[in-house]
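Have a look at the structure below, then the notes.
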Protein chains: 2
Amino acid sequence: MGYTKKFRIEPDSKVKLDTFDPSEKGGYADSNAAENEIAHHVANLDELQALLYADGRYSLLIVLQGLDGAGKDGTIRHVFNGVNPQGTKVQAFKVPTPEEAAHDFLWRAHKATPGKGEIVIFNRSHYEDVLVVRVHDLVPKKVWSKRYKEIRAFERNLSEGGTVILKFFLNISYEEQLDRFRKRLDDPQRQWKISESDYTERKYWNDYQSAYEEALAETSTDYAPWFVIPSNHKWFRNLAISSIIVNSLRDLHMKVPAPRVDLDDIRRKYHGAEETEKKVDASGKADAD
Amino acid sequence: MGYTKKFRIEPDSKVKLDTFDPSEKGGYADSNAAENEIAHHVANLDELQALLYADGRYSLLIVLQGLDGAGKDGTIRHVFNGVNPQGTKVQAFKVPTPEEAAHDFLWRAHKATPGKGEIVIFNRSHYEDVLVVRVHDLVPKKVWSKRYKEIRAFERNLSEGGTVILKFFLNISYEEQLDRFRKRLDDPQRQWKISESDYTERKYWNDYQSAYEEALAETSTDYAPWFVIPSNHKWFRNLAISSIIVNSLRDLHMKVPAPRVDLDDIRRKYHGAEETEKKVDASGKADAD
């Protein structure tokens, strides 16, 4: 249960990704051993989402980042599949539209943030603007290097407005990525998604690692921490992420608000006298009029 | 499986809601008997949503309407809970914001319609503008009475753009509504949602029935049919709705697109010769260069 602490990047710390083991399994032998625990977290998350909505003071923003094949889609499917779709939105960030590109880089992210009681999952995010943009030199260093502090200010503002922010970097190895690409190559349902650029992008692996290291170090804060999640094993990734989310929501000590009406009054007026009688019997003392 | 035909309102027909039995169970004794079938539909819906995304030619818009307690939220939870949250959005329609109210009544609905490959569920919808608005005289008859043809034109346009539209009226009885309110009154997790207006609104029951009858008759079309779903039994409601959605998606005969790359070329270039060899062994004949 100590995943929150274990995988969190402390503010103002250096990050060296090669000191993190992407194959870590947290002491579990295999997925079978962890399965019950994952199911338990997923069920808890469903209840906590209902409570988040009822409580009405907070919102939850999940940021998922990782290289192709790291498992962002799979995390959404497995961790959030049991949650009521009514309170949960997924926002995917692709190549900016002309309208998005005409605004500052945080504009489209801000539009998509959760309202009170809501959960929003960013599948990729405003972090692409210090990652792909840097690796491929899409904007000059003097532009992207200023973005860390803008991101911190943006996330601090969200946090002060009641948004809980949890950011997950899905950490896989270079070999694991190729292995996942090979599985997709053999899967007729997914072959249509393959493009050669998925492979040529692997040339930039080390550049991406450096870009992530700096981004994680610069923007992991108390109000919006980053977690480096070992993701070579999908089930462990799901276990760690669901555990961290559930614990963070629990820490809010949310509660269901008190009724806004006099329940006995409603019982008497609309559900007939016998309802009130039943209540009297059950509680053992009479309701004064 | 004939629910699509059975519960559909045919275009240009009269609708008398008291000829529909809200307690219908479609020949099933109880929920146990239907449970496997519901689970089967929900699993199919998950696969069909992935296919909808892959195929990329269609989108799906579900409209849920019904009086308080009819089960709109419950339908979303039970029918769509197994679907990947990434491809499914729920849009709830509440009292219009000032910005929404400053536009025509279809503006906020149009903004929320699904893109290609997406599913959007309207929890209430643009139909409120010919329902609550009419019952409570919020706009004059000469305004709302013109809206049926605007709705038809709007939905026809969506349909011509590739959107499959399925509209469900969740039909419960006057007594069932009160019974559901009473259950909520006894449930500490839901008491906070109760307001006296839920009860006083029951005075308008017959006005709502008339407003629904006219809306259903005026706007059930080949391209955007209404279904009157017997909803006193929640499990039968879920069974009928999931069945109708699955059948409608099946009728599209969607398919996964062909790969955009030469798979063997990718195998050779990025996965090493031994990968190609394996393939040769498995297929029993050599891949020509």
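Numbering starts fresh at 1 for the residues of each chain in the structure tokens, the chains themselves are lettered A, B, ... in the order given, and ligands are numbered from 1 as they appear.
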Since chain A and chain B share a sequence, can you fit the second onto the first over all C-alpha atoms in order and output it as a PDB file with C-alpha atoms, in the first residue's frame?
```
ATOM      1  CA  MET B   1       0.108  -0.036   0.003  1.00  0.00           C
ATOM      2  CA  GLY B   2       3.110   2.256   0.196  1.00  0.00           C
ATOM      3  CA  TYR B   3       3.084   2.886  -3.540  1.00  0.00           C
ATOM      4  CA  THR B   4       2.188   6.534  -3.120  1.00  0.00           C
ATOM      5  CA  LYS B   5       5.404   7.221  -1.285  1.00  0.00           C
ATOM      6  CA  LYS B   6       7.503   4.667  -3.124  1.00  0.00           C
ATOM      7  CA  PHE B   7       6.927   5.847  -6.680  1.00  0.00           C
ATOM      8  CA  ARG B   8       6.457   9.575  -6.051  1.00  0.00           C
ATOM      9  CA  ILE B   9       9.086  11.987  -7.300  1.00  0.00           C
ATOM     10  CA  GLU B  10       9.877  14.344  -4.437  1.00  0.00           C
ATOM     11  CA  PRO B  11       9.840  18.053  -5.294  1.00  0.00           C
ATOM     12  CA  ASP B  12      13.203  19.490  -6.312  1.00  0.00           C
ATOM     13  CA  SER B  13      14.850  16.113  -6.707  1.00  0.00           C
ATOM     14  CA  LYS B  14      16.985  14.932  -9.616  1.00  0.00           C
ATOM     15  CA  VAL B  15      15.456  12.192 -11.747  1.00  0.00           C
ATOM     16  CA  LYS B  16      17.521   9.471 -13.415  1.00  0.00           C
ATOM     17  CA  LEU B  17      15.149   7.069 -15.107  1.00  0.00           C
ATOM     18  CA  ASP B  18      17.749   4.314 -15.366  1.00  0.00           C
ATOM     19  CA  THR B  19      17.641   3.982 -11.593  1.00  0.00           C
ATOM     20  CA  PHE B  20      13.966   2.923 -11.839  1.00  0.00           C
ATOM     21  CA  ASP B  21      13.246  -0.712 -12.669  1.00  0.00           C
ATOM     22  CA  PRO B  22      10.382  -0.884 -15.217  1.00  0.00           C
ATOM     23  CA  SER B  23       9.985  -4.614 -14.467  1.00  0.00           C
ATOM     24  CA  GLU B  24       9.351  -4.235 -10.746  1.00  0.00           C
ATOM     25  CA  LYS B  25       6.534  -6.407  -9.415  1.00  0.00           C
ATOM     26  CA  GLY B  26       6.399  -5.127  -5.842  1.00  0.00           C
ATOM     27  CA  GLY B  27       6.961  -8.532  -4.297  1.00  0.00           C
ATOM     28  CA  TYR B  28       4.130 -10.268  -6.151  1.00  0.00           C
ATOM     29  CA  ALA B  29       4.947 -13.475  -7.996  1.00  0.00           C
ATOM     30  CA  ASP B  30       2.534 -12.818 -10.857  1.00  0.00           C
ATOM     31  CA  SER B  31      -0.744 -11.220 -11.844  1.00  0.00           C
ATOM     32  CA  ASN B  32      -2.861 -13.888 -10.121  1.00  0.00           C
ATOM     33  CA  ALA B  33      -1.535 -12.882  -6.756  1.00  0.00           C
ATOM     34  CA  ALA B  34      -2.425  -9.214  -7.364  1.00  0.00           C
ATOM     35  CA  GLU B  35      -5.756  -9.699  -9.111  1.00  0.00           C
ATOM     36  CA  ASN B  36      -7.985  -9.546  -6.053  1.00  0.00           C
ATOM     37  CA  GLU B  37      -6.279  -6.433  -4.848  1.00  0.00           C
ATOM     38  CA  ILE B  38      -6.741  -4.699  -8.211  1.00  0.00           C
ATOM     39  CA  ALA B  39     -10.447  -5.631  -8.272  1.00  0.00           C
ATOM     40  CA  HIS B  40     -10.767  -4.283  -4.760  1.00  0.00           C
ATOM     41  CA  HIS B  41      -9.211  -0.929  -5.737  1.00  0.00           C
ATOM     42  CA  VAL B  42     -11.382  -0.654  -8.842  1.00  0.00           C
ATOM     43  CA  ALA B  43     -14.525  -1.245  -6.741  1.00  0.00           C
ATOM     44  CA  ASN B  44     -13.328   1.312  -4.187  1.00  0.00           C
ATOM     45  CA  LEU B  45     -12.678   3.810  -6.924  1.00  0.00           C
ATOM     46  CA  ASP B  46     -16.273   3.452  -8.085  1.00  0.00           C
ATOM     47  CA  GLU B  47     -17.545   4.235  -4.570  1.00  0.00           C
ATOM     48  CA  LEU B  48     -15.102   7.078  -4.123  1.00  0.00           C
ATOM     49  CA  GLN B  49     -16.210   8.638  -7.392  1.00  0.00           C
ATOM     50  CA  ALA B  50     -19.820   8.642  -6.183  1.00  0.00           C
ATOM     51  CA  LEU B  51     -18.612  10.236  -2.959  1.00  0.00           C
ATOM     52  CA  LEU B  52     -16.535  12.804  -4.860  1.00  0.00           C
ATOM     53  CA  TYR B  53     -19.723  13.833  -6.656  1.00  0.00           C
ATOM     54  CA  ALA B  54     -21.836  13.901  -3.493  1.00  0.00           C
ATOM     55  CA  ASP B  55     -19.236  15.768  -1.454  1.00  0.00           C
ATOM     56  CA  GLY B  56     -18.895  18.366  -4.199  1.00  0.00           C
ATOM     57  CA  ARG B  57     -15.759  20.073  -2.930  1.00  0.00           C
ATOM     58  CA  TYR B  58     -13.075  18.409  -5.032  1.00  0.00           C
ATOM     59  CA  SER B  59     -12.297  17.216  -8.511  1.00  0.00           C
ATOM     60  CA  LEU B  60      -9.704  14.720  -9.715  1.00  0.00           C
ATOM     61  CA  LEU B  61      -7.338  15.169 -12.631  1.00  0.00           C
ATOM     62  CA  ILE B  62      -5.274  12.159 -13.715  1.00  0.00           C
ATOM     63  CA  VAL B  63      -2.423  12.750 -16.168  1.00  0.00           C
ATOM     64  CA  LEU B  64      -1.126   9.717 -18.070  1.00  0.00           C
ATOM     65  CA  GLN B  65       2.141  10.051 -19.946  1.00  0.00           C
ATOM     66  CA  GLY B  66       4.451   7.506 -21.484  1.00  0.00           C
ATOM     67  CA  LEU B  67       6.004   6.500 -24.767  1.00  0.00           C
ATOM     68  CA  ASP B  68       4.044   4.595 -27.424  1.00  0.00           C
ATOM     69  CA  GLY B  69       3.082   1.216 -26.096  1.00  0.00           C
ATOM     70  CA  ALA B  70       3.589   2.217 -22.453  1.00  0.00           C
ATOM     71  CA  GLY B  71      -0.037   1.375 -21.716  1.00  0.00           C
ATOM     72  CA  LYS B  72      -1.951   4.636 -21.390  1.00  0.00           C
ATOM     73  CA  ASP B  73      -5.013   3.203 -23.137  1.00  0.00           C
ATOM     74  CA  GLY B  74      -4.778  -0.044 -21.193  1.00  0.00           C
ATOM     75  CA  THR B  75      -4.597   1.819 -17.891  1.00  0.00           C
ATOM     76  CA  ILE B  76      -7.774   3.706 -18.713  1.00  0.00           C
ATOM     77  CA  ARG B  77      -9.530   0.515 -19.716  1.00  0.00           C
ATOM     78  CA  HIS B  78      -8.510  -1.503 -16.666  1.00  0.00           C
ATOM     79  CA  VAL B  79      -8.427   1.047 -13.868  1.00  0.00           C
ATOM     80  CA  PHE B  80     -11.477   3.108 -14.860  1.00  0.00           C
ATOM     81  CA  ASN B  81     -13.710   0.536 -16.477  1.00  0.00           C
ATOM     82  CA  GLY B  82     -15.709  -0.038 -13.312  1.00  0.00           C
ATOM     83  CA  VAL B  83     -16.311   3.643 -12.658  1.00  0.00           C
ATOM     84  CA  ASN B  84     -19.628   5.212 -13.571  1.00  0.00           C
ATOM     85  CA  PRO B  85     -19.091   6.778 -17.011  1.00  0.00           C
ATOM     86  CA  GLN B  86     -21.292   9.660 -15.956  1.00  0.00           C
ATOM     87  CA  GLY B  87     -18.683  11.168 -13.637  1.00  0.00           C
ATOM     88  CA  THR B  88     -15.565  10.346 -15.639  1.00  0.00           C
ATOM     89  CA  LYS B  89     -14.250  11.898 -18.819  1.00  0.00           C
ATOM     90  CA  VAL B  90     -11.223  10.973 -20.870  1.00  0.00           C
ATOM     91  CA  GLN B  91      -9.490  13.738 -22.774  1.00  0.00           C
ATOM     92  CA  ALA B  92      -6.974  12.630 -25.402  1.00  0.00           C
ATOM     93  CA  PHE B  93      -4.388  15.144 -26.583  1.00  0.00           C
ATOM     94  CA  LYS B  94      -3.365  14.749 -30.201  1.00  0.00           C
ATOM     95  CA  VAL B  95      -1.598  17.021 -32.646  1.00  0.00           C
ATOM     96  CA  PRO B  96      -3.093  20.455 -31.897  1.00  0.00           C
ATOM     97  CA  THR B  97      -5.917  21.639 -34.152  1.00  0.00           C
ATOM     98  CA  PRO B  98      -5.405  25.013 -35.849  1.00  0.00           C
ATOM     99  CA  GLU B  99      -7.595  26.625 -33.181  1.00  0.00           C
ATOM    100  CA  GLU B 100      -5.603  25.010 -30.382  1.00  0.00           C
ATOM    101  CA  ALA B 101      -2.291  25.911 -32.017  1.00  0.00           C
ATOM    102  CA  ALA B 102      -3.444  29.530 -32.226  1.00  0.00           C
ATOM    103  CA  HIS B 103      -3.562  29.682 -28.410  1.00  0.00           C
ATOM    104  CA  ASP B 104      -0.992  29.254 -25.675  1.00  0.00           C
ATOM    105  CA  PHE B 105      -0.079  25.632 -24.910  1.00  0.00           C
ATOM    106  CA  LEU B 106      -2.157  25.446 -21.714  1.00  0.00           C
ATOM    107  CA  TRP B 107      -5.391  26.659 -23.298  1.00  0.00           C
ATOM    108  CA  ARG B 108      -6.696  23.328 -24.488  1.00  0.00           C
ATOM    109  CA  ALA B 109      -5.676  21.622 -21.257  1.00  0.00           C
ATOM    110  CA  HIS B 110      -7.440  24.200 -19.093  1.00  0.00           C
ATOM    111  CA  LYS B 111     -10.664  23.823 -21.075  1.00  0.00           C
ATOM    112  CA  ALA B 112     -10.691  20.096 -20.340  1.00  0.00           C
ATOM    113  CA  THR B 113     -10.068  20.188 -16.578  1.00  0.00           C
ATOM    114  CA  PRO B 114     -12.655  18.578 -14.283  1.00  0.00           C
ATOM    115  CA  GLY B 115     -15.433  20.481 -12.535  1.00  0.00           C
ATOM    116  CA  LYS B 116     -16.290  19.831  -8.896  1.00  0.00           C
ATOM    117  CA  GLY B 117     -17.230  16.218  -8.340  1.00  0.00           C
ATOM    118  CA  GLU B 118     -15.773  15.108 -11.671  1.00  0.00           C
ATOM    119  CA  ILE B 119     -12.875  12.909 -12.723  1.00  0.00           C
ATOM    120  CA  VAL B 120     -10.967  13.750 -15.887  1.00  0.00           C
ATOM    121  CA  ILE B 121      -8.206  11.567 -17.299  1.00  0.00           C
ATOM    122  CA  PHE B 122      -5.694  13.197 -19.624  1.00  0.00           C
ATOM    123  CA  ASN B 123      -4.385  10.658 -22.145  1.00  0.00           C
ATOM    124  CA  ARG B 124      -1.218  12.595 -22.950  1.00  0.00           C
ATOM    125  CA  SER B 125      -1.473  16.186 -21.815  1.00  0.00           C
ATOM    126  CA  HIS B 126       0.060  19.642 -21.727  1.00  0.00           C
ATOM    127  CA  TYR B 127       3.323  17.809 -20.995  1.00  0.00           C
ATOM    128  CA  GLU B 128       3.649  16.967 -24.679  1.00  0.00           C
ATOM    129  CA  ASP B 129       4.645  20.612 -25.059  1.00  0.00           C
ATOM    130  CA  VAL B 130       7.866  19.972 -23.155  1.00  0.00           C
ATOM    131  CA  LEU B 131       8.371  16.456 -24.548  1.00  0.00           C
ATOM    132  CA  VAL B 132       7.671  15.765 -28.232  1.00  0.00           C
ATOM    133  CA  VAL B 133       8.052  19.471 -28.905  1.00  0.00           C
ATOM    134  CA  ARG B 134      11.538  19.435 -27.405  1.00  0.00           C
ATOM    135  CA  VAL B 135      12.673  16.121 -28.890  1.00  0.00           C
ATOM    136  CA  HIS B 136      11.652  17.154 -32.392  1.00  0.00           C
ATOM    137  CA  ASP B 137      12.675  20.771 -32.043  1.00  0.00           C
ATOM    138  CA  LEU B 138       9.173  22.003 -32.845  1.00  0.00           C
ATOM    139  CA  VAL B 139       9.704  25.160 -30.836  1.00  0.00           C
ATOM    140  CA  PRO B 140      13.014  26.692 -29.716  1.00  0.00           C
ATOM    141  CA  LYS B 141      14.509  25.884 -26.308  1.00  0.00           C
ATOM    142  CA  LYS B 142      13.953  29.407 -25.083  1.00  0.00           C
ATOM    143  CA  VAL B 143      10.219  28.810 -25.517  1.00  0.00           C
ATOM    144  CA  TRP B 144       9.808  25.316 -24.074  1.00  0.00           C
ATOM    145  CA  SER B 145      12.222  25.884 -21.213  1.00  0.00           C
ATOM    146  CA  LYS B 146       9.915  28.553 -19.803  1.00  0.00           C
ATOM    147  CA  ARG B 147       6.990  26.190 -19.811  1.00  0.00           C
ATOM    148  CA  TYR B 148       7.915  24.307 -16.639  1.00  0.00           C
ATOM    149  CA  LYS B 149       7.133  27.287 -14.488  1.00  0.00           C
ATOM    150  CA  GLU B 150       3.925  27.964 -16.427  1.00  0.00           C
ATOM    151  CA  ILE B 151       2.874  24.364 -15.836  1.00  0.00           C
ATOM    152  CA  ARG B 152       3.618  24.685 -12.130  1.00  0.00           C
ATOM    153  CA  ALA B 153       1.545  27.866 -11.890  1.00  0.00           C
ATOM    154  CA  PHE B 154      -1.307  26.295 -13.879  1.00  0.00           C
ATOM    155  CA  GLU B 155      -1.398  23.194 -11.711  1.00  0.00           C
ATOM    156  CA  ARG B 156      -1.079  25.210  -8.511  1.00  0.00           C
ATOM    157  CA  ASN B 157      -4.112  27.228  -9.559  1.00  0.00           C
ATOM    158  CA  LEU B 158      -6.106  24.059 -10.253  1.00  0.00           C
ATOM    159  CA  SER B 159      -5.057  22.634  -6.924  1.00  0.00           C
ATOM    160  CA  GLU B 160      -6.092  25.762  -5.052  1.00  0.00           C
ATOM    161  CA  GLY B 161      -9.470  25.483  -6.749  1.00  0.00           C
ATOM    162  CA  GLY B 162     -10.021  22.006  -5.284  1.00  0.00           C
ATOM    163  CA  THR B 163      -8.532  19.764  -7.972  1.00  0.00           C
ATOM    164  CA  VAL B 164      -6.499  16.779  -6.861  1.00  0.00           C
ATOM    165  CA  ILE B 165      -3.815  16.186  -9.495  1.00  0.00           C
ATOM    166  CA  LEU B 166      -2.025  12.857  -9.898  1.00  0.00           C
ATOM    167  CA  LYS B 167       0.467  12.423 -12.732  1.00  0.00           C
ATOM    168  CA  PHE B 168       1.714   9.026 -13.845  1.00  0.00           C
ATOM    169  CA  PHE B 169       4.702   8.323 -16.059  1.00  0.00           C
ATOM    170  CA  LEU B 170       4.302   4.780 -17.359  1.00  0.00           C
ATOM    171  CA  ASN B 171       7.858   3.514 -17.424  1.00  0.00           C
ATOM    172  CA  ILE B 172       8.617   0.706 -19.866  1.00  0.00           C
ATOM    173  CA  SER B 173      11.931  -0.525 -21.234  1.00  0.00           C
ATOM    174  CA  TYR B 174      13.193  -0.146 -24.798  1.00  0.00           C
ATOM    175  CA  GLU B 175      12.923  -3.927 -25.286  1.00  0.00           C
ATOM    176  CA  GLU B 176       9.401  -4.103 -23.854  1.00  0.00           C
ATOM    177  CA  GLN B 177       8.231  -1.462 -26.324  1.00  0.00           C
ATOM    178  CA  LEU B 178       9.491  -3.484 -29.267  1.00  0.00           C
ATOM    179  CA  ASP B 179       7.910  -6.603 -27.844  1.00  0.00           C
ATOM    180  CA  ARG B 180       4.538  -4.855 -27.605  1.00  0.00           C
ATOM    181  CA  PHE B 181       4.856  -3.587 -31.165  1.00  0.00           C
ATOM    182  CA  ARG B 182       5.503  -7.159 -32.289  1.00  0.00           C
ATOM    183  CA  LYS B 183       2.381  -8.415 -30.539  1.00  0.00           C
ATOM    184  CA  ARG B 184       0.332  -5.751 -32.259  1.00  0.00           C
ATOM    185  CA  LEU B 185       1.861  -6.781 -35.574  1.00  0.00           C
ATOM    186  CA  ASP B 186       0.429 -10.258 -35.044  1.00  0.00           C
ATOM    187  CA  ASP B 187      -3.023  -9.062 -33.951  1.00  0.00           C
ATOM    188  CA  PRO B 188      -5.472  -8.574 -36.850  1.00  0.00           C
ATOM    189  CA  GLN B 189      -7.670  -6.338 -34.671  1.00  0.00           C
ATOM    190  CA  ARG B 190      -4.833  -3.858 -34.140  1.00  0.00           C
ATOM    191  CA  GLN B 191      -2.694  -4.049 -37.273  1.00  0.00           C
ATOM    192  CA  TRP B 192      -4.504  -1.083 -38.783  1.00  0.00           C
ATOM    193  CA  LYS B 193      -3.043   1.178 -36.093  1.00  0.00           C
ATOM    194  CA  ILE B 194       0.581   0.479 -37.041  1.00  0.00           C
ATOM    195  CA  SER B 195       2.595   3.188 -38.718  1.00  0.00           C
ATOM    196  CA  GLU B 196       6.263   3.106 -39.584  1.00  0.00           C
ATOM    197  CA  SER B 197       6.823   6.242 -37.524  1.00  0.00           C
ATOM    198  CA  ASP B 198       6.114   4.196 -34.375  1.00  0.00           C
ATOM    199  CA  TYR B 199       9.389   2.458 -35.165  1.00  0.00           C
ATOM    200  CA  THR B 200      11.459   5.345 -36.446  1.00  0.00           C
ATOM    201  CA  GLU B 201      10.523   7.277 -33.299  1.00  0.00           C
ATOM    202  CA  ARG B 202      12.533   4.701 -31.322  1.00  0.00           C
ATOM    203  CA  LYS B 203      15.707   6.445 -32.533  1.00  0.00           C
ATOM    204  CA  TYR B 204      14.777   9.252 -30.149  1.00  0.00           C
ATOM    205  CA  TRP B 205      14.370   6.974 -27.131  1.00  0.00           C
ATOM    206  CA  ASN B 206      17.231   8.555 -25.175  1.00  0.00           C
ATOM    207  CA  ASP B 207      16.100  12.060 -26.052  1.00  0.00           C
ATOM    208  CA  TYR B 208      12.642  11.241 -24.693  1.00  0.00           C
ATOM    209  CA  GLN B 209      14.151   9.813 -21.525  1.00  0.00           C
ATOM    210  CA  SER B 210      16.105  13.046 -20.969  1.00  0.00           C
ATOM    211  CA  ALA B 211      13.064  15.183 -21.720  1.00  0.00           C
ATOM    212  CA  TYR B 212      10.974  13.157 -19.244  1.00  0.00           C
ATOM    213  CA  GLU B 213      13.680  13.319 -16.587  1.00  0.00           C
ATOM    214  CA  GLU B 214      13.744  17.088 -16.737  1.00  0.00           C
ATOM    215  CA  ALA B 215       9.948  17.441 -16.911  1.00  0.00           C
ATOM    216  CA  LEU B 216       9.442  15.147 -13.925  1.00  0.00           C
ATOM    217  CA  ALA B 217      12.093  16.943 -11.885  1.00  0.00           C
ATOM    218  CA  GLU B 218      10.799  20.398 -12.767  1.00  0.00           C
ATOM    219  CA  THR B 219       7.096  19.774 -12.247  1.00  0.00           C
ATOM    220  CA  SER B 220       6.684  17.220  -9.469  1.00  0.00           C
ATOM    221  CA  THR B 221       5.243  19.296  -6.658  1.00  0.00           C
ATOM    222  CA  ASP B 222       3.356  18.724  -3.436  1.00  0.00           C
ATOM    223  CA  TYR B 223       0.157  19.835  -5.135  1.00  0.00           C
ATOM    224  CA  ALA B 224       0.698  17.888  -8.366  1.00  0.00           C
ATOM    225  CA  PRO B 225       3.117  14.996  -7.848  1.00  0.00           C
ATOM    226  CA  TRP B 226       4.555  12.747 -10.528  1.00  0.00           C
ATOM    227  CA  PHE B 227       4.749   9.007 -10.025  1.00  0.00           C
ATOM    228  CA  VAL B 228       7.117   6.811 -12.035  1.00  0.00           C
ATOM    229  CA  ILE B 229       5.163   3.590 -12.465  1.00  0.00           C
ATOM    230  CA  PRO B 230       6.950   0.348 -13.364  1.00  0.00           C
ATOM    231  CA  SER B 231       4.933  -0.658 -16.422  1.00  0.00           C
ATOM    232  CA  ASN B 232       6.596  -3.626 -18.088  1.00  0.00           C
ATOM    233  CA  HIS B 233       4.059  -5.745 -16.219  1.00  0.00           C
ATOM    234  CA  LYS B 234       0.635  -4.387 -17.043  1.00  0.00           C
ATOM    235  CA  TRP B 235      -1.020  -5.871 -13.971  1.00  0.00           C
ATOM    236  CA  PHE B 236       1.517  -4.279 -11.661  1.00  0.00           C
ATOM    237  CA  ARG B 237       1.011  -0.949 -13.408  1.00  0.00           C
ATOM    238  CA  ASN B 238      -2.750  -1.241 -12.823  1.00  0.00           C
ATOM    239  CA  LEU B 239      -2.220  -2.255  -9.214  1.00  0.00           C
ATOM    240  CA  ALA B 240       0.116   0.638  -8.421  1.00  0.00           C
ATOM    241  CA  ILE B 241      -1.961   3.302 -10.175  1.00  0.00           C
ATOM    242  CA  SER B 242      -5.314   2.181  -8.760  1.00  0.00           C
ATOM    243  CA  SER B 243      -3.801   1.984  -5.294  1.00  0.00           C
ATOM    244  CA  ILE B 244      -2.350   5.500  -5.471  1.00  0.00           C
ATOM    245  CA  ILE B 245      -5.608   7.005  -6.728  1.00  0.00           C
ATOM    246  CA  VAL B 246      -7.718   5.275  -4.078  1.00  0.00           C
ATOM    247  CA  ASN B 247      -5.390   6.367  -1.295  1.00  0.00           C
ATOM    248  CA  SER B 248      -5.322   9.954  -2.495  1.00  0.00           C
ATOM    249  CA  LEU B 249      -9.109  10.132  -2.613  1.00  0.00           C
ATOM    250  CA  ARG B 250      -9.403   8.536   0.835  1.00  0.00           C
ATOM    251  CA  ASP B 251      -7.091  11.192   2.243  1.00  0.00           C
ATOM    252  CA  LEU B 252      -9.683  13.842   1.357  1.00  0.00           C
ATOM    253  CA  HIS B 253     -12.058  12.532   4.051  1.00  0.00           C
ATOM    254  CA  MET B 254     -15.045  13.382   1.887  1.00  0.00           C
ATOM    255  CA  LYS B 255     -18.576  13.029   3.126  1.00  0.00           C
ATOM    256  CA  VAL B 256     -22.120  12.803   1.851  1.00  0.00           C
ATOM    257  CA  PRO B 257     -23.896  16.129   2.539  1.00  0.00           C
ATOM    258  CA  ALA B 258     -26.792  16.314   4.970  1.00  0.00           C
ATOM    259  CA  PRO B 259     -30.311  16.193   3.462  1.00  0.00           C
ATOM    260  CA  ARG B 260     -31.650  19.586   2.410  1.00  0.00           C
ATOM    261  CA  VAL B 261     -35.185  18.675   3.411  1.00  0.00           C
ATOM    262  CA  ASP B 262     -36.875  17.462   6.590  1.00  0.00           C
ATOM    263  CA  LEU B 263     -37.117  13.746   5.824  1.00  0.00           C
ATOM    264  CA  ASP B 264     -39.945  13.076   8.265  1.00  0.00           C
ATOM    265  CA  ASP B 265     -41.899  15.977   6.883  1.00  0.00           C
ATOM    266  CA  ILE B 266     -41.514  14.506   3.383  1.00  0.00           C
ATOM    267  CA  ARG B 267     -42.546  11.070   4.659  1.00  0.00           C
ATOM    268  CA  ARG B 268     -45.710  12.441   6.214  1.00  0.00           C
ATOM    269  CA  LYS B 269     -46.683  14.699   3.359  1.00  0.00           C
ATOM    270  CA  TYR B 270     -46.016  12.491   0.374  1.00  0.00           C
ATOM    271  CA  HIS B 271     -45.710   8.908   1.497  1.00  0.00           C
ATOM    272  CA  GLY B 272     -48.801   8.698   3.714  1.00  0.00           C
ATOM    273  CA  ALA B 273     -49.181   8.265   7.448  1.00  0.00           C
ATOM    274  CA  GLU B 274     -48.472   4.555   7.378  1.00  0.00           C
ATOM    275  CA  GLU B 275     -44.933   5.330   6.224  1.00  0.00           C
ATOM    276  CA  THR B 276     -44.399   7.471   9.271  1.00  0.00           C
ATOM    277  CA  GLU B 277     -45.865   4.734  11.452  1.00  0.00           C
ATOM    278  CA  LYS B 278     -43.401   2.223  10.053  1.00  0.00           C
ATOM    279  CA  LYS B 279     -40.600   4.554  10.927  1.00  0.00           C
ATOM    280  CA  VAL B 280     -41.924   4.958  14.457  1.00  0.00           C
ATOM    281  CA  ASP B 281     -42.003   1.201  14.889  1.00  0.00           C
ATOM    282  CA  ALA B 282     -38.491   0.754  13.606  1.00  0.00           C
ATOM    283  CA  SER B 283     -36.884   3.482  15.670  1.00  0.00           C
ATOM    284  CA  GLY B 284     -38.816   2.594  18.793  1.00  0.00           C
ATOM    285  CA  LYS B 285     -39.860   6.109  19.600  1.00  0.00           C
ATOM    286  CA  ALA B 286     -42.463   8.470  18.269  1.00  0.00           C
ATOM    287  CA  ASP B 287     -41.606  11.315  15.889  1.00  0.00           C
ATOM    288  CA  ALA B 288     -42.787  14.526  17.474  1.00  0.00           C
ATOM    289  CA  ASP B 289     -44.887  16.637  15.172  1.00  0.00           C
TER     290      ASP B 289
END
```
key: Filtered DSSP result for region 155-276 of chain B, state alpha helix (DSSP H), as a ChimeraX atom specification   = /B:155-160,174-185,196-200,205-219,234-250,263-271,273-276
query = Where does DSSP see strand (DSSP E or B) in region 67-229 of chain A, if you list the residues as a list of chain:residue names?
reply =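 Residues meeting the strand (DSSP E or B) criterion: A:Thr88, A:Lys89, A:Val90, A:Gln91, A:Ala92, A:Ile119, A:Val120, A:Ile121, A:Phe122, A:Asn123, A:Thr163, A:Val164, A:Ile165, A:Leu166, A:Lys167, A:Phe168, A:Phe169, A:Leu170, A:Asn171, A:Trp226, A:Phe227, A:Val228, A:Ile229.
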